[in-house]
Amino acid sequence: MSSHNSSSRYLAMSRELHDNLGQWQAYESTGHCIVLAGPGSGKTKTLALKLARILAEDVSAPRGVACITFSQECSRELVRRLDAIGIKESSRLFIGTVHGFCLRHLLVPYSRLANLGLPHPIEVSTIQQNRAVFEAVSVQLYGARNSYRQHDVDNHRRACFDRQSPKWQSEPELSELAEAYERELHRRGLIDYEDLVLYGQRLVTQHSWVLPIIRAKFPVLAIDEYQDLGVGLHQIVQRLAFNGGVRLFAVGDADQSVYGFNGADSSLLLELAARPDVQCVRLSINYRCANEIIDAAEIALGEARGYRSSNVARVAQVEIIHRPLGIADQARYAVEDLIPHVLSNTPGRQLGDIAVLYRNAEIGDLVAGSAQSVGLNFIRIDNAAPYRKCAVVSWIEDCAAWCSGGWTAAQPKLGGLIGRWCRFHSARLSDTERHHEARMLARFLWDRRGNGDASEFLAALRSELLDVLLSSNRTLNDQRIQVDAMSRALSPGGVLVGLDLVRLGGRDGAPNQLNLLTFHSAKGCEYKVVIILGLDEGVFPWSNETDDELQESRRLFYVALTRACDEVHLIYSGWSANRFGRRFDNGMSRFLKDLISL
Amino acid sequence: MRICRIRIKNFATFKLLDIRTDKSIVVVGENKVGKSNLIRALQLVLDPSLSDRDRQLGLEHFWDGLGDEKLGATVEISVWLTDFDQNPNLVATLADCIVAPGPPLRARLTYRFQPKTSLEELPPRSLADYEFVIFGGTDEDNTFTSTQRRQIPLDVQGALRDAEKDLSTWRRSPLRPMIEELTSELDDDAREEIQGLIAEAQIELADRDEVVRVAERIGGRLTQIVGSSHTVPIKLGLAPTGVDTLLRGLRILIDQGVRGIGDASLGTANLIFLALKSLELDRLVAEGERSHTFFAIEEPEAHLHPHVQRLVYRYFLANEIVVDQNPTDLTTILTTHSPHIASVAPIKSIVLLRYDQNQQATVGTSTARVSLSRTDKDDLQRYIDVTRGELFFAQGIIFVEGDAERFLLPAFASALGIELDMLGVSVCSVSGTNFTPYIKLVAENSLSIPYVIITDLDPVPGKRPLARKRIESILSVTENLDFSTMSHADVFEEAETCGCFVNDDTLEVELFLAGLGPAMKEILLSERNLQRATIARIDGWIANPGSLDVNYLLELIERIGKGRFAQALASYVTAAVCPTYIRRAIERIRDELA
């Protein structure tokens, strides 16, 4: 009679962890556990299996587990891993970002009970709305020519949760602007992403009656990529775990902390790991990179971590290439000479095995231009991408993948698509509503099996299903913007015009597409071959970076290097030009220099 | 966990019912007043076995008083839950339904049957334009799903249940899970042993000559009909032989195994059924299939002898007292019009339903929020037990101090042409002067039963009369007064406006002075041999009431016993000799019920 929504498949798979001491310790942990996981150390696999085990053995229905990830993409990857071990998302398993967690499990149910003073119902603002409010408020306060930027205000809000703190009061003008901005946003019935965490933190800090409720719902809280999550989540986590009795399972790597500019602080993870009531586990076997690459990466980082490759026999290549004609030449060389060479010298290698990494989208434009001129298929993941990945657009891509052939192999699964669709609704659906939604979606997708024009597909999906949802559920406002961007990109004049369903569905990277990514977007990814462009002092790092920024850039380089399994190609010119065309002969990147000197 | 409040709007006999409840809930009321509707209403919110179709109401389920305006009205039933903080499963289930952070946490679940939201402002044309929602908290979009309902289900045992049939149907039998558990726990050795024993018995029986002969006769006739090539070999034996099948065949037997349940009386079958059911509820909670059970039994008096009723329901209702029953994971809800059951109900569990002619609707009151001291509570509980819950079934109540008033009041009322029985008025003796807990129980904010109080002044020479403090205490239940500056006369005048009637001395003196002196003399003479001097004294009192020696009169009466004396005196009662304060009290309760 009792229903199982956990599968015992994890038991068989967990045997694979047995030979890795760190992974096994993490898997066997029973209290608070922090897993410090180096690159390629199988952290997501360990996390997924541990979650499966907790759901099957430690936590029984109706209680569950919440897993907080850094981004929608990370959530999606974790959902996929769990799906592979037979675990579905359900009311017992929350997987999402810290914003999603604060919204769904803290603010929606309890903000009114706690009189947090937020507008009701809660409506999350779009970036455009934020910008409009910010401009109105900053002009009103400090005139049209003021020098305050929204990013600084947001960072200030993210960094100081305690509004009584000296840090908040030390910048009176910025603080005043921040408070005026918040007031005006709330007056318009909106709250923004910073508010979600800010008020989530306030709720758990000031209203202790919430703690036992959260603990009852989620006796275990798992967190992925801890180093990239800011001080807000850190405070929420501490409160839930050390005052609320919620068991913590956090995974992260301080060396891969690259979101300092967004308020992340890698020291928070280490602070947590050093607590006496926390078991700290280190994963030091690298299943991705060959030893040569690990060594190079550790030199670049400037720290000896002692990570070892799981396969000592593997031979890897780290090549430094000098292209004296500048960054455009680096891009052309990579696309026209290096890539054909890399493809031909290893049998079976495909375009999808290769990634070109760079610091910013301008360099991405050059690479994209070169690739277009030689007719190379590519997929671009950076700020200049036609749309940003979020839950809804990822779901649309997966729907496209299902229709254009995925249905024959249940890859992705229809049930999963339906489940995600149902969860987009702000309210918990009744059984009848759920069946209705499932039927509508299943019919829509079934009728559109086969390859076709992605633009038509999206238009139909929007008019028949999606637009009703997007206009009724205010919490999806932000995602609606991305869906609009996707529509624009697919329509005449857009950058993706003419795209078919197969390619829309394969936009996560397909075997026949070259991957173009910024260093930041490459996080968590893995490629056989990594080509890094623009390793010139003044470009990477910038010429005026502070010590902290330099450290972060160094970690960024470390992240980029450790994406590679077998080959890394590092390209520089020794000079760079600013946007007015002025040339600076600053030599190669200091990070590259460190690498060469040893 | 418990239900702490129930609110019903526009459903069945209810226009608006809003009652507070305690751990157990015993719904008391006359037939047809809507006791079953109350259970039905709870089912709409909590019962996971109800289908969506069951939750799609018909017009007959709307409150009748709506008349032609049923279409367009909204039916709403809300249940507030509390005291679940200690059970994480319940907190997890109800986490999104919290309406008060407490402590203790309070959650609300609501069933609403309303015109479809897709109609927007258009009026519904028929019930096809209606939909139901069940949601937690205050947000209608926060659906409370069937998965959540299954964690805290309401199990209803109907009034006229066929226990025998349920027991004999394997699928529905509450015996089934116990036997399945037994089957799964048997190890191979035990199975083999049982198998062996049965096989032996089988052979023993089937191989007897008599049995073999019958089998042969059947076989012979088969061969005659279809010939030997189509005949199957026939043997007689006990039907099933597999251990699992055998165990499924286990039945409850009574009377040392001589008879099956089918031969038992309806009462016995019901009793066994309830015992099994109670075991099953324990098991479901223990196995984690649910976190709490609301167990509703409608009119459990059916088929049970009054003594057995009291025993059975004392057991179910005592769950809140007996600790080893794990008191918190079972809530018992009973509906009854049996005084036997009402009398064993915990004092705070009573929900009283009454039909209000003015509103054309059933209204409800409850005792859940009465604040009583431990002693008061025990006293009341005992009183209600002894009087078989008479209080709960009364339309009006006259509270008196003792048996003397209890015998005399109906006689005076009758002499005044007011029949207390016909009015449904009970005369309740509090055996003393501690009226306060009783008043708390029936006051406006509790059961709201109209009442009057008759009490003695009990003067004490040189001090405040005893009634003064007594009246202050009674009035404090319903009024908020500062007595410190009030004279006795003011206090007693105020008391009378509140239905509290105080005489000028004690009952017997009042009776004597009202003109019952000669009758009292007659009774004294018939019960005792009085000395001539005593008789003369009594005659003197009769002739000149001003000379009455109160203490001596009371002494004479107490020799017989006040109750016995009053019983005898009742037959002399006429309207003319009714003391004024008694007449006013009786008239007041009559007027209140009119």
# chains A, B, ... in the order shown; residues from 1 in each chain; ligands from 1
>>> closest_atom_pairs(of="chain B", to="chain A", cutoff="7 Å", atoms="only C-alpha atoms", output="Markdown table")
| residue | atom | partner | partner_atom | distance |
| --- | --- | --- | --- | --- |
| B:Pro88 | CA | A:Ala216 | CA | 4.5 |
| B:Asn89 | CA | A:Pro62 | CA | 5.9 |
| B:Val91 | CA | A:Ala216 | CA | 5.7 |
| B:Ala92 | CA | A:Lys217 | CA | 4.2 |
| B:Thr93 | CA | A:Pro62 | CA | 6.2 |
| B:Ala95 | CA | A:Ile213 | CA | 6.1 |
| B:Asp96 | CA | A:Pro109 | CA | 5.5 |
| B:Val99 | CA | A:Leu113 | CA | 6.9 |
| B:Ala100 | CA | A:Leu113 | CA | 6.7 |
| B:Pro101 | CA | A:Trp209 | CA | 6.4 |
| B:Asp141 | CA | A:Ala427 | CA | 4.9 |
| B:Asn142 | CA | A:Ala427 | CA | 5.2 |
| B:Thr143 | CA | A:Arg428 | CA | 5.2 |
| B:Thr145 | CA | A:Ser430 | CA | 5.6 |
| B:Glu289 | CA | A:Ser2 | CA | 6.1 |
>>> residues_around(residues="segment 368-385 of chain A", least_positions_apart="4", cutoff="12 Å", atoms="only C-alpha atoms", output="ChimeraX atom specification")
/A:73,327-337,339-340,350-364,389,482,485-486,489,494-496,499,503-523,525
>>> residues_around(residues="segment 441-443 of chain B", least_positions_apart="5", cutoff="7 Å", atoms="only C-alpha atoms", output="list in words")
Thr367, Val370, Ser448 and Ile449 of chain B
>>> atom_distance(atom1="atom CA of Arg81 of chain A", atom2="atom CA of Leu229 of chain A")
21.6 Å
>>> atom_distance(atom1="atom CA of His292 of chain B", atom2="atom CA of Pro153 of chain B")
7.0 Å
>>> residues_around(residues="Leu481 of chain B", least_positions_apart="2", cutoff="12 Å", atoms="only C-alpha atoms", output="ChimeraX atom specification")
/B:471-479,483-486,490-491,494-495
>>> select_by_dssp(residues="segment 162-391 of chain B", states="strand (DSSP E or B)", output="JSON, numbers by chain")
{"B": [253, 254, 259, 260, 293, 294, 295, 296, 297, 298, 330, 331, 332, 333, 334, 335, 336, 350, 351, 352, 353, 354, 355, 356, 361, 362, 363, 364, 365, 366]}
>>> write_last_selection(atoms="N, CA and C atoms", output="short mmCIF file (atom, residue, chain, number, x, y, z; two decimals), in the first residue's frame")
data_model
loop_
_atom_site.label_atom_id
_atom_site.label_comp_id
_atom_site.auth_asym_id
_atom_site.auth_seq_id
_atom_site.Cartn_x
_atom_site.Cartn_y
_atom_site.Cartn_z
N LEU B 253 -14.49 -16.81 15.00
CA LEU B 253 -15.52 -17.70 15.54
C LEU B 253 -15.85 -17.25 16.95
N ILE B 254 -17.09 -17.49 17.35
CA ILE B 254 -17.46 -17.11 18.71
C ILE B 254 -18.00 -18.33 19.45
N ARG B 259 -19.65 -21.22 16.66
CA ARG B 259 -20.44 -20.46 15.70
C ARG B 259 -19.61 -19.39 14.99
N GLY B 260 -20.03 -19.09 13.79
CA GLY B 260 -19.37 -18.02 13.03
C GLY B 260 -20.01 -16.69 13.36
N THR B 293 -5.16 9.82 12.36
CA THR B 293 -6.46 9.35 11.87
C THR B 293 -7.57 10.11 12.57
N PHE B 294 -8.52 10.61 11.78
CA PHE B 294 -9.76 11.11 12.35
C PHE B 294 -10.77 9.98 12.18
N PHE B 295 -11.24 9.45 13.29
CA PHE B 295 -12.11 8.28 13.23
C PHE B 295 -13.51 8.72 13.63
N ALA B 296 -14.41 8.79 12.66
CA ALA B 296 -15.77 9.25 12.95
C ALA B 296 -16.71 8.06 12.99
N ILE B 297 -17.46 7.95 14.05
CA ILE B 297 -18.46 6.89 14.17
C ILE B 297 -19.82 7.55 14.30
N GLU B 298 -20.69 7.24 13.35
CA GLU B 298 -22.03 7.85 13.41
C GLU B 298 -22.96 6.98 14.23
N LEU B 330 -4.86 9.75 17.14
CA LEU B 330 -6.23 9.36 16.82
C LEU B 330 -7.19 10.39 17.40
N THR B 331 -8.04 10.90 16.55
CA THR B 331 -9.09 11.79 17.03
C THR B 331 -10.42 11.08 16.83
N THR B 332 -11.17 10.92 17.91
CA THR B 332 -12.46 10.26 17.79
C THR B 332 -13.55 11.29 17.63
N ILE B 333 -14.41 11.06 16.65
CA ILE B 333 -15.53 11.96 16.43
C ILE B 333 -16.80 11.11 16.45
N LEU B 334 -17.71 11.41 17.35
CA LEU B 334 -18.95 10.62 17.44
C LEU B 334 -20.13 11.53 17.21
N THR B 335 -21.17 10.98 16.59
CA THR B 335 -22.45 11.68 16.63
C THR B 335 -23.40 10.78 17.41
N THR B 336 -24.24 11.38 18.21
CA THR B 336 -25.11 10.53 19.01
C THR B 336 -26.35 11.27 19.48
N ILE B 350 -18.07 18.17 23.92
CA ILE B 350 -19.47 18.24 23.47
C ILE B 350 -19.69 19.35 22.43
N VAL B 351 -20.30 18.95 21.33
CA VAL B 351 -20.78 19.91 20.34
C VAL B 351 -22.28 19.72 20.27
N LEU B 352 -23.01 20.76 20.56
CA LEU B 352 -24.45 20.66 20.64
C LEU B 352 -25.06 21.29 19.40
N LEU B 353 -25.86 20.52 18.66
CA LEU B 353 -26.52 21.08 17.48
C LEU B 353 -28.01 21.26 17.78
N ARG B 354 -28.55 22.39 17.39
CA ARG B 354 -29.96 22.68 17.60
C ARG B 354 -30.51 23.35 16.37
N TYR B 355 -31.78 23.13 16.09
CA TYR B 355 -32.39 23.80 14.96
C TYR B 355 -32.96 25.13 15.42
N ASP B 356 -32.57 26.19 14.76
CA ASP B 356 -33.04 27.51 15.12
C ASP B 356 -34.15 27.92 14.14
N ALA B 361 -32.12 27.30 10.32
CA ALA B 361 -30.84 26.65 10.14
C ALA B 361 -30.40 25.99 11.45
N THR B 362 -29.51 25.03 11.31
CA THR B 362 -28.96 24.39 12.49
C THR B 362 -27.85 25.26 13.06
N VAL B 363 -27.91 25.51 14.34
CA VAL B 363 -26.84 26.27 14.96
C VAL B 363 -26.12 25.34 15.94
N GLY B 364 -24.92 25.69 16.26
CA GLY B 364 -24.14 24.80 17.11
C GLY B 364 -23.42 25.54 18.21
N THR B 365 -23.25 24.87 19.31
CA THR B 365 -22.47 25.42 20.41
C THR B 365 -21.54 24.32 20.90
N SER B 366 -20.53 24.69 21.66
CA SER B 366 -19.62 23.66 22.14
C SER B 366 -19.00 24.06 23.47
#
>>> residues_around(residues="segment 196-204 of chain B", least_positions_apart="5", cutoff="12 Å", atoms="only C-alpha atoms", output="number ranges by chain")
B: 189-191, 209-212, 235-243, 246-247
>>> write_last_selection(atoms="N, CA and C atoms", output="JSON list (two decimals), in the first residue's frame")
[["chain", "number", "residue", "atom", "x", "y", "z"],
["B", 189, "ASP", "N", 9.70, -23.26, 8.17],
["B", 189, "ASP", "CA", 9.43, -24.40, 9.06],
["B", 189, "ASP", "C", 7.97, -24.45, 9.49],
["B", 190, "ALA", "N", 7.48, -23.28, 9.89],
["B", 190, "ALA", "CA", 6.11, -23.22, 10.36],
["B", 190, "ALA", "C", 5.14, -23.57, 9.23],
["B", 191, "ARG", "N", 5.46, -23.07, 8.05],
["B", 191, "ARG", "CA", 4.60, -23.37, 6.91],
["B", 191, "ARG", "C", 4.56, -24.87, 6.65],
["B", 209, "ASP", "N", -13.88, -44.77, 4.63],
["B", 209, "ASP", "CA", -14.71, -45.54, 3.70],
["B", 209, "ASP", "C", -15.96, -44.78, 3.27],
["B", 210, "GLU", "N", -16.62, -44.17, 4.29],
["B", 210, "GLU", "CA", -17.88, -43.47, 3.99],
["B", 210, "GLU", "C", -17.66, -42.37, 2.95],
["B", 211, "VAL", "N", -16.57, -41.64, 3.14],
["B", 211, "VAL", "CA", -16.29, -40.54, 2.23],
["B", 211, "VAL", "C", -15.94, -41.06, 0.85],
["B", 212, "VAL", "N", -15.12, -42.11, 0.84],
["B", 212, "VAL", "CA", -14.70, -42.69, -0.43],
["B", 212, "VAL", "C", -15.92, -43.18, -1.21],
["B", 235, "LYS", "N", -12.62, -37.00, -6.09],
["B", 235, "LYS", "CA", -12.26, -37.31, -4.71],
["B", 235, "LYS", "C", -12.90, -36.24, -3.81],
["B", 236, "LEU", "N", -13.19, -36.59, -2.59],
["B", 236, "LEU", "CA", -13.72, -35.57, -1.68],
["B", 236, "LEU", "C", -12.63, -35.18, -0.69],
["B", 237, "GLY", "N", -12.54, -33.91, -0.41],
["B", 237, "GLY", "CA", -11.52, -33.48, 0.54],
["B", 237, "GLY", "C", -11.84, -32.08, 1.03],
["B", 238, "LEU", "N", -11.01, -31.59, 1.99],
["B", 238, "LEU", "CA", -11.17, -30.21, 2.46],
["B", 238, "LEU", "C", -10.62, -29.30, 1.37],
["B", 239, "ALA", "N", -11.34, -28.32, 1.04],
["B", 239, "ALA", "CA", -11.03, -27.55, -0.17],
["B", 239, "ALA", "C", -9.59, -27.06, -0.32],
["B", 240, "PRO", "N", -9.13, -26.11, 0.42],
["B", 240, "PRO", "CA", -7.84, -25.52, 0.10],
["B", 240, "PRO", "C", -6.70, -26.26, 0.79],
["B", 241, "THR", "N", -5.55, -26.31, 0.19],
["B", 241, "THR", "CA", -4.44, -26.96, 0.86],
["B", 241, "THR", "C", -3.19, -26.09, 0.96],
["B", 242, "GLY", "N", -3.07, -25.06, 0.11],
["B", 242, "GLY", "CA", -1.92, -24.16, 0.23],
["B", 242, "GLY", "C", -2.01, -23.38, 1.54],
["B", 243, "VAL", "N", -0.86, -23.11, 2.17],
["B", 243, "VAL", "CA", -0.89, -22.45, 3.49],
["B", 243, "VAL", "C", -1.52, -21.06, 3.39],
["B", 246, "LEU", "N", -5.15, -21.31, 2.99],
["B", 246, "LEU", "CA", -5.73, -21.76, 4.25],
["B", 246, "LEU", "C", -5.87, -20.60, 5.24],
["B", 247, "LEU", "N", -4.81, -19.81, 5.34],
["B", 247, "LEU", "CA", -4.82, -18.71, 6.30],
["B", 247, "LEU", "C", -5.88, -17.68, 5.95]]
>>> closest_residue(among="B:Arg2, B:Arg388, B:Lys165, B:Arg221", to="Pro306 of chain B", atoms="only C-alpha atoms")
B:Arg388
>>> closest_residue(among="A:Gly302, A:Pro541, A:Gly232, A:Gly581", to="Ser553 of chain A", atoms="only C-alpha atoms")
A:Pro541
>>> closest_residue(among="B:Ile586, B:Leu16, B:Cys498, B:Ile557", to="Ala415 of chain B", atoms="only C-alpha atoms")
B:Ile586
>>> decode(residues="segment 351-368 of chain A", atoms="N, CA and C atoms", output="compact mmCIF listing (two decimals), in the first residue's frame")
# COMPACT_ATOMS: atom_id res chain seq x y z
N LEU A 351 33.15 17.57 -33.28
CA LEU A 351 33.14 19.00 -32.93
C LEU A 351 32.66 19.24 -31.51
N GLY A 352 31.68 18.44 -31.10
CA GLY A 352 31.10 18.61 -29.76
C GLY A 352 32.07 18.32 -28.63
N ASP A 353 33.20 17.67 -28.95
CA ASP A 353 34.21 17.38 -27.93
C ASP A 353 35.10 18.58 -27.65
N ILE A 354 34.94 19.61 -28.48
CA ILE A 354 35.85 20.75 -28.40
C ILE A 354 35.13 21.98 -27.86
N ALA A 355 35.81 22.71 -27.00
CA ALA A 355 35.25 23.96 -26.51
C ALA A 355 36.26 25.08 -26.68
N VAL A 356 35.78 26.21 -27.14
CA VAL A 356 36.62 27.40 -27.19
C VAL A 356 36.18 28.30 -26.03
N LEU A 357 37.12 28.61 -25.15
CA LEU A 357 36.80 29.41 -23.97
C LEU A 357 37.47 30.77 -24.04
N TYR A 358 36.77 31.78 -23.51
CA TYR A 358 37.29 33.14 -23.55
C TYR A 358 36.68 33.92 -22.41
N ARG A 359 37.29 35.10 -22.18
CA ARG A 359 36.83 35.83 -21.01
C ARG A 359 35.49 36.52 -21.23
N ASN A 360 35.32 37.14 -22.41
CA ASN A 360 34.08 37.90 -22.58
C ASN A 360 33.47 37.73 -23.96
N ALA A 361 32.25 38.21 -24.07
CA ALA A 361 31.47 37.95 -25.26
C ALA A 361 32.07 38.60 -26.52
N GLU A 362 32.83 39.68 -26.35
CA GLU A 362 33.43 40.31 -27.55
C GLU A 362 34.34 39.32 -28.27
N ILE A 363 35.14 38.59 -27.47
CA ILE A 363 36.01 37.58 -28.10
C ILE A 363 35.13 36.49 -28.70
N GLY A 364 34.03 36.18 -28.01
CA GLY A 364 33.08 35.18 -28.52
C GLY A 364 32.57 35.60 -29.89
N ASP A 365 32.31 36.89 -30.06
CA ASP A 365 31.83 37.37 -31.36
C ASP A 365 32.83 37.06 -32.46
N LEU A 366 34.11 37.25 -32.16
CA LEU A 366 35.16 36.98 -33.17
C LEU A 366 35.18 35.51 -33.54
N VAL A 367 35.10 34.66 -32.52
CA VAL A 367 35.14 33.22 -32.79
C VAL A 367 33.90 32.82 -33.58
N ALA A 368 32.75 33.36 -33.17
CA ALA A 368 31.51 33.02 -33.86
C ALA A 368 31.59 33.46 -35.33
